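Engineer: I am sharing coords-v1.cif, which consists of mmCIF, C-alpha atoms:
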```cif
data_final
loop_
_atom_site.group_PDB
_atom_site.id
_atom_site.type_symbol
_atom_site.label_atom_id
_atom_site.label_comp_id
_atom_site.auth_asym_id
_atom_site.auth_seq_id
_atom_site.Cartn_x
_atom_site.Cartn_y
_atom_site.Cartn_z
ATOM 1 C CA MET A 1 63.999 191.996 52.160
ATOM 2 C CA ASP A 2 62.536 193.902 55.063
ATOM 3 C CA LYS A 3 59.554 192.729 57.078
ATOM 4 C CA LYS A 4 56.838 194.345 54.954
ATOM 5 C CA LYS A 5 53.601 192.609 54.171
ATOM 6 C CA PHE A 6 53.807 190.230 51.266
ATOM 7 C CA LYS A 7 51.223 189.674 48.549
ATOM 8 C CA GLN A 8 50.919 186.444 46.654
ATOM 9 C CA VAL A 9 50.966 186.706 42.849
ATOM 10 C CA LEU A 10 49.700 184.014 40.528
ATOM 11 C CA VAL A 11 51.413 183.969 37.137
ATOM 12 C CA HIS A 12 50.677 181.627 34.266
ATOM 13 C CA VAL A 13 53.694 180.807 32.082
ATOM 14 C CA PRO A 14 54.384 178.045 29.596
ATOM 15 C CA GLU A 15 55.852 174.964 31.255
ATOM 16 C CA SER A 16 58.896 175.047 28.972
ATOM 17 C CA PHE A 17 59.599 178.655 30.013
ATOM 18 C CA LEU A 18 59.445 177.727 33.694
ATOM 19 C CA GLU A 19 61.738 174.730 33.173
ATOM 20 C CA GLU A 20 64.319 176.923 31.423
ATOM 21 C CA PHE A 21 63.985 179.607 34.113
ATOM 22 C CA ASP A 22 64.595 177.041 36.843
ATOM 23 C CA LYS A 23 67.651 175.622 35.034
ATOM 24 C CA LYS A 24 69.164 179.082 34.709
ATOM 25 C CA THR A 25 68.448 180.267 38.253
ATOM 26 C CA THR A 26 68.796 177.289 40.628
ATOM 27 C CA LYS A 27 72.562 177.675 41.037
ATOM 28 C CA THR A 28 72.344 181.414 41.729
ATOM 29 C CA TYR A 29 69.192 181.818 43.814
ATOM 30 C CA MET A 30 67.960 179.928 46.872
ATOM 31 C CA SER A 31 64.421 179.727 45.491
ATOM 32 C CA ARG A 32 62.300 180.522 42.461
ATOM 33 C CA ASN A 33 60.643 183.276 44.511
ATOM 34 C CA GLU A 34 63.981 184.931 45.174
ATOM 35 C CA ALA A 35 64.888 184.816 41.475
ATOM 36 C CA ILE A 36 61.544 186.333 40.466
ATOM 37 C CA ARG A 37 61.780 189.096 43.095
ATOM 38 C CA THR A 38 65.302 189.924 41.906
ATOM 39 C CA GLY A 39 64.049 190.126 38.321
ATOM 40 C CA MET A 40 61.256 192.449 39.389
ATOM 41 C CA LEU A 41 63.711 194.698 41.237
ATOM 42 C CA LEU A 42 66.012 194.827 38.206
ATOM 43 C CA LEU A 43 63.099 195.843 35.994
ATOM 44 C CA LEU A 44 62.071 198.602 38.412
ATOM 45 C CA GLU A 45 65.658 199.896 38.597
ATOM 46 C CA LYS A 46 65.944 199.871 34.799
ATOM 47 C CA GLN A 47 62.683 201.792 34.438
ATOM 48 C CA LYS A 48 63.796 204.297 37.071
ATOM 49 C CA ILE A 49 67.056 204.966 35.206
ATOM 50 C CA LYS A 50 65.222 205.151 31.876
ATOM 51 C CA ASN A 51 62.723 207.704 33.223
ATOM 52 C CA ASN A 52 65.383 210.012 34.720
#
```
Would you mind writing the file out in structure tokens?
Structural biologist:
Amino acid sequence: MDKKKFKQVLVHVPESFLEEFDKKTTKTYMSRNEAIRTGMLLLLEKQKIKNN
């Protein structure tokens, strides 16, 4: 990521969801933050393709 300003986001999710998310992402991503940012980027890309 480039050196833009970052904003903190607070998200409430069920504990079981977070545990499953961590199990599925810890071997692929360096951090939970990185995995969440990647998911957000994928969603934006999907929406961009869908809207074109």
Engineer: When distances are computed from only C-alpha atoms, which of A:Leu44, A:Asn51, A:Arg32, A:Lys4 shows the smallest separation from Leu18 (chain A)?
Structural biologist: A:Arg32
Engineer: Write out as a VMD selection string each polymer residue whose atoms come within 12 Å of Gly39 (chain A), counting all atoms listed in the file; drop sequence neighbours fewer than 5 positions from it.
Structural biologist: chain A and resid 21 25 29 32 to 34 44 to 46
Engineer: Report, in Å with one decimal, the straight-line distance from CA of Val13 (chain A) to CA of Ile49 (chain A).
Structural biologist: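 Separation between CA of Val13 (chain A) and CA of Ile49 (chain A): 27.8 Å.
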Engineer: Grab the CA of Ala35 (chain A) to CA of Leu10 (chain A) distance for me, in Å with one decimal place.
Structural biologist: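 CA of Leu10 (chain A) lies at a distance of 15.2 Å from CA of Ala35 (chain A).
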Engineer: What does the structure give for the distance between CA of Val9 (chain A) and CA of Asn52 (chain A), in Å to one decimal?
Structural biologist: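 Those two atoms sit 28.6 Å apart.
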Engineer: Nearest to Phe6 (chain A): which of A:Glu19, A:Thr28, A:Arg37, A:Leu42 is it, counting only C-alpha atoms?
Structural biologist: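 The closest residue to Phe6 (chain A) is A:Arg37.
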Engineer: Extract region 18-29 of chain A from the coordinates I pasted, and write it as an mmCIF file, in the first residue's frame (atoms kept: all heavy atoms).
Structural biologist:
```cif
data_model
loop_
_atom_site.group_PDB
_atom_site.id
_atom_site.type_symbol
_atom_site.label_atom_id
_atom_site.label_comp_id
_atom_site.auth_asym_id
_atom_site.auth_seq_id
_atom_site.Cartn_x
_atom_site.Cartn_y
_atom_site.Cartn_z
ATOM 1 N N LEU A 18 -14.752 -14.700 13.532
ATOM 2 C CA LEU A 18 -13.377 -14.213 13.578
ATOM 3 C C LEU A 18 -12.391 -15.368 13.732
ATOM 4 O O LEU A 18 -11.332 -15.380 13.091
ATOM 5 C CB LEU A 18 -13.215 -13.217 14.725
ATOM 6 C CG LEU A 18 -11.911 -12.440 14.767
ATOM 7 C CD1 LEU A 18 -11.682 -11.678 13.470
ATOM 8 C CD2 LEU A 18 -11.915 -11.497 15.954
ATOM 9 N N GLU A 19 -12.725 -16.346 14.539
ATOM 10 C CA GLU A 19 -11.856 -17.517 14.708
ATOM 11 C C GLU A 19 -11.693 -18.260 13.389
ATOM 12 O O GLU A 19 -10.579 -18.643 13.018
ATOM 13 C CB GLU A 19 -12.425 -18.448 15.775
ATOM 14 C CG GLU A 19 -12.313 -17.900 17.176
ATOM 15 C CD GLU A 19 -13.076 -18.719 18.210
ATOM 16 O OE1 GLU A 19 -13.764 -19.700 17.835
ATOM 17 O OE2 GLU A 19 -12.985 -18.379 19.406
ATOM 18 N N GLU A 20 -12.780 -18.452 12.669
ATOM 19 C CA GLU A 20 -12.722 -19.136 11.368
ATOM 20 C C GLU A 20 -11.933 -18.303 10.355
ATOM 21 O O GLU A 20 -11.122 -18.834 9.591
ATOM 22 C CB GLU A 20 -14.137 -19.409 10.855
ATOM 23 C CG GLU A 20 -14.192 -20.261 9.611
ATOM 24 C CD GLU A 20 -13.713 -21.691 9.823
ATOM 25 O OE1 GLU A 20 -13.704 -22.175 10.971
ATOM 26 O OE2 GLU A 20 -13.336 -22.334 8.822
ATOM 27 N N PHE A 21 -12.155 -17.004 10.361
ATOM 28 C CA PHE A 21 -11.421 -16.098 9.463
ATOM 29 C C PHE A 21 -9.922 -16.205 9.713
ATOM 30 O O PHE A 21 -9.139 -16.330 8.772
ATOM 31 C CB PHE A 21 -11.906 -14.658 9.680
ATOM 32 C CG PHE A 21 -11.268 -13.655 8.771
ATOM 33 C CD1 PHE A 21 -11.735 -13.475 7.477
ATOM 34 C CD2 PHE A 21 -10.195 -12.888 9.204
ATOM 35 C CE1 PHE A 21 -11.148 -12.544 6.633
ATOM 36 C CE2 PHE A 21 -9.602 -11.955 8.368
ATOM 37 C CZ PHE A 21 -10.085 -11.785 7.082
ATOM 38 N N ASP A 22 -9.541 -16.162 10.984
ATOM 39 C CA ASP A 22 -8.119 -16.260 11.327
ATOM 40 C C ASP A 22 -7.527 -17.601 10.897
ATOM 41 O O ASP A 22 -6.415 -17.648 10.366
ATOM 42 C CB ASP A 22 -7.915 -16.054 12.829
ATOM 43 C CG ASP A 22 -8.104 -14.606 13.259
ATOM 44 O OD1 ASP A 22 -8.074 -13.706 12.390
ATOM 45 O OD2 ASP A 22 -8.292 -14.374 14.469
ATOM 46 N N LYS A 23 -8.257 -18.684 11.095
ATOM 47 C CA LYS A 23 -7.763 -20.012 10.677
ATOM 48 C C LYS A 23 -7.512 -20.054 9.177
ATOM 49 O O LYS A 23 -6.531 -20.631 8.715
ATOM 50 C CB LYS A 23 -8.792 -21.092 11.031
ATOM 51 C CG LYS A 23 -8.843 -21.464 12.476
ATOM 52 C CD LYS A 23 -9.883 -22.555 12.676
ATOM 53 C CE LYS A 23 -10.186 -22.778 14.140
ATOM 54 N NZ LYS A 23 -11.282 -23.736 14.333
ATOM 55 N N LYS A 24 -8.414 -19.446 8.421
ATOM 56 C CA LYS A 24 -8.319 -19.501 6.961
ATOM 57 C C LYS A 24 -7.297 -18.527 6.383
ATOM 58 O O LYS A 24 -6.858 -18.702 5.248
ATOM 59 C CB LYS A 24 -9.684 -19.201 6.326
ATOM 60 C CG LYS A 24 -10.783 -20.144 6.713
ATOM 61 C CD LYS A 24 -10.589 -21.493 6.077
ATOM 62 C CE LYS A 24 -11.789 -22.381 6.394
ATOM 63 N NZ LYS A 24 -11.617 -23.727 5.910
ATOM 64 N N THR A 25 -6.912 -17.506 7.117
ATOM 65 C CA THR A 25 -6.055 -16.473 6.538
ATOM 66 C C THR A 25 -4.636 -16.410 7.099
ATOM 67 O O THR A 25 -3.774 -15.800 6.477
ATOM 68 C CB THR A 25 -6.699 -15.078 6.700
ATOM 69 O OG1 THR A 25 -6.895 -14.801 8.089
ATOM 70 C CG2 THR A 25 -8.022 -14.997 5.956
ATOM 71 N N THR A 26 -4.362 -17.037 8.238
ATOM 72 C CA THR A 26 -3.053 -16.858 8.876
ATOM 73 C C THR A 26 -1.886 -17.410 8.058
ATOM 74 O O THR A 26 -0.771 -16.909 8.182
ATOM 75 C CB THR A 26 -3.016 -17.487 10.288
ATOM 76 O OG1 THR A 26 -3.435 -18.836 10.213
ATOM 77 C CG2 THR A 26 -3.890 -16.725 11.250
ATOM 78 N N LYS A 27 -2.137 -18.407 7.229
ATOM 79 C CA LYS A 27 -1.039 -18.967 6.427
ATOM 80 C C LYS A 27 -0.798 -18.175 5.148
ATOM 81 O O LYS A 27 0.248 -18.309 4.529
ATOM 82 C CB LYS A 27 -1.340 -20.427 6.095
ATOM 83 C CG LYS A 27 -1.299 -21.310 7.328
ATOM 84 C CD LYS A 27 -1.548 -22.748 6.994
ATOM 85 C CE LYS A 27 -1.452 -23.558 8.273
ATOM 86 N NZ LYS A 27 -2.454 -24.553 8.407
ATOM 87 N N THR A 28 -1.753 -17.347 4.759
ATOM 88 C CA THR A 28 -1.651 -16.594 3.511
ATOM 89 C C THR A 28 -1.263 -15.143 3.727
ATOM 90 O O THR A 28 -0.537 -14.570 2.911
ATOM 91 C CB THR A 28 -2.998 -16.642 2.761
ATOM 92 O OG1 THR A 28 -3.378 -18.010 2.601
ATOM 93 C CG2 THR A 28 -2.909 -16.002 1.397
ATOM 94 N N TYR A 29 -1.734 -14.551 4.814
ATOM 95 C CA TYR A 29 -1.528 -13.125 5.060
ATOM 96 C C TYR A 29 -0.685 -12.911 6.308
ATOM 97 O O TYR A 29 -0.777 -13.668 7.262
ATOM 98 C CB TYR A 29 -2.875 -12.400 5.195
ATOM 99 C CG TYR A 29 -3.687 -12.498 3.926
ATOM 100 C CD1 TYR A 29 -4.666 -13.476 3.778
ATOM 101 C CD2 TYR A 29 -3.453 -11.645 2.852
ATOM 102 C CE1 TYR A 29 -5.393 -13.589 2.605
ATOM 103 C CE2 TYR A 29 -4.172 -11.751 1.678
ATOM 104 C CZ TYR A 29 -5.137 -12.721 1.557
ATOM 105 O OH TYR A 29 -5.843 -12.832 0.397
#
```
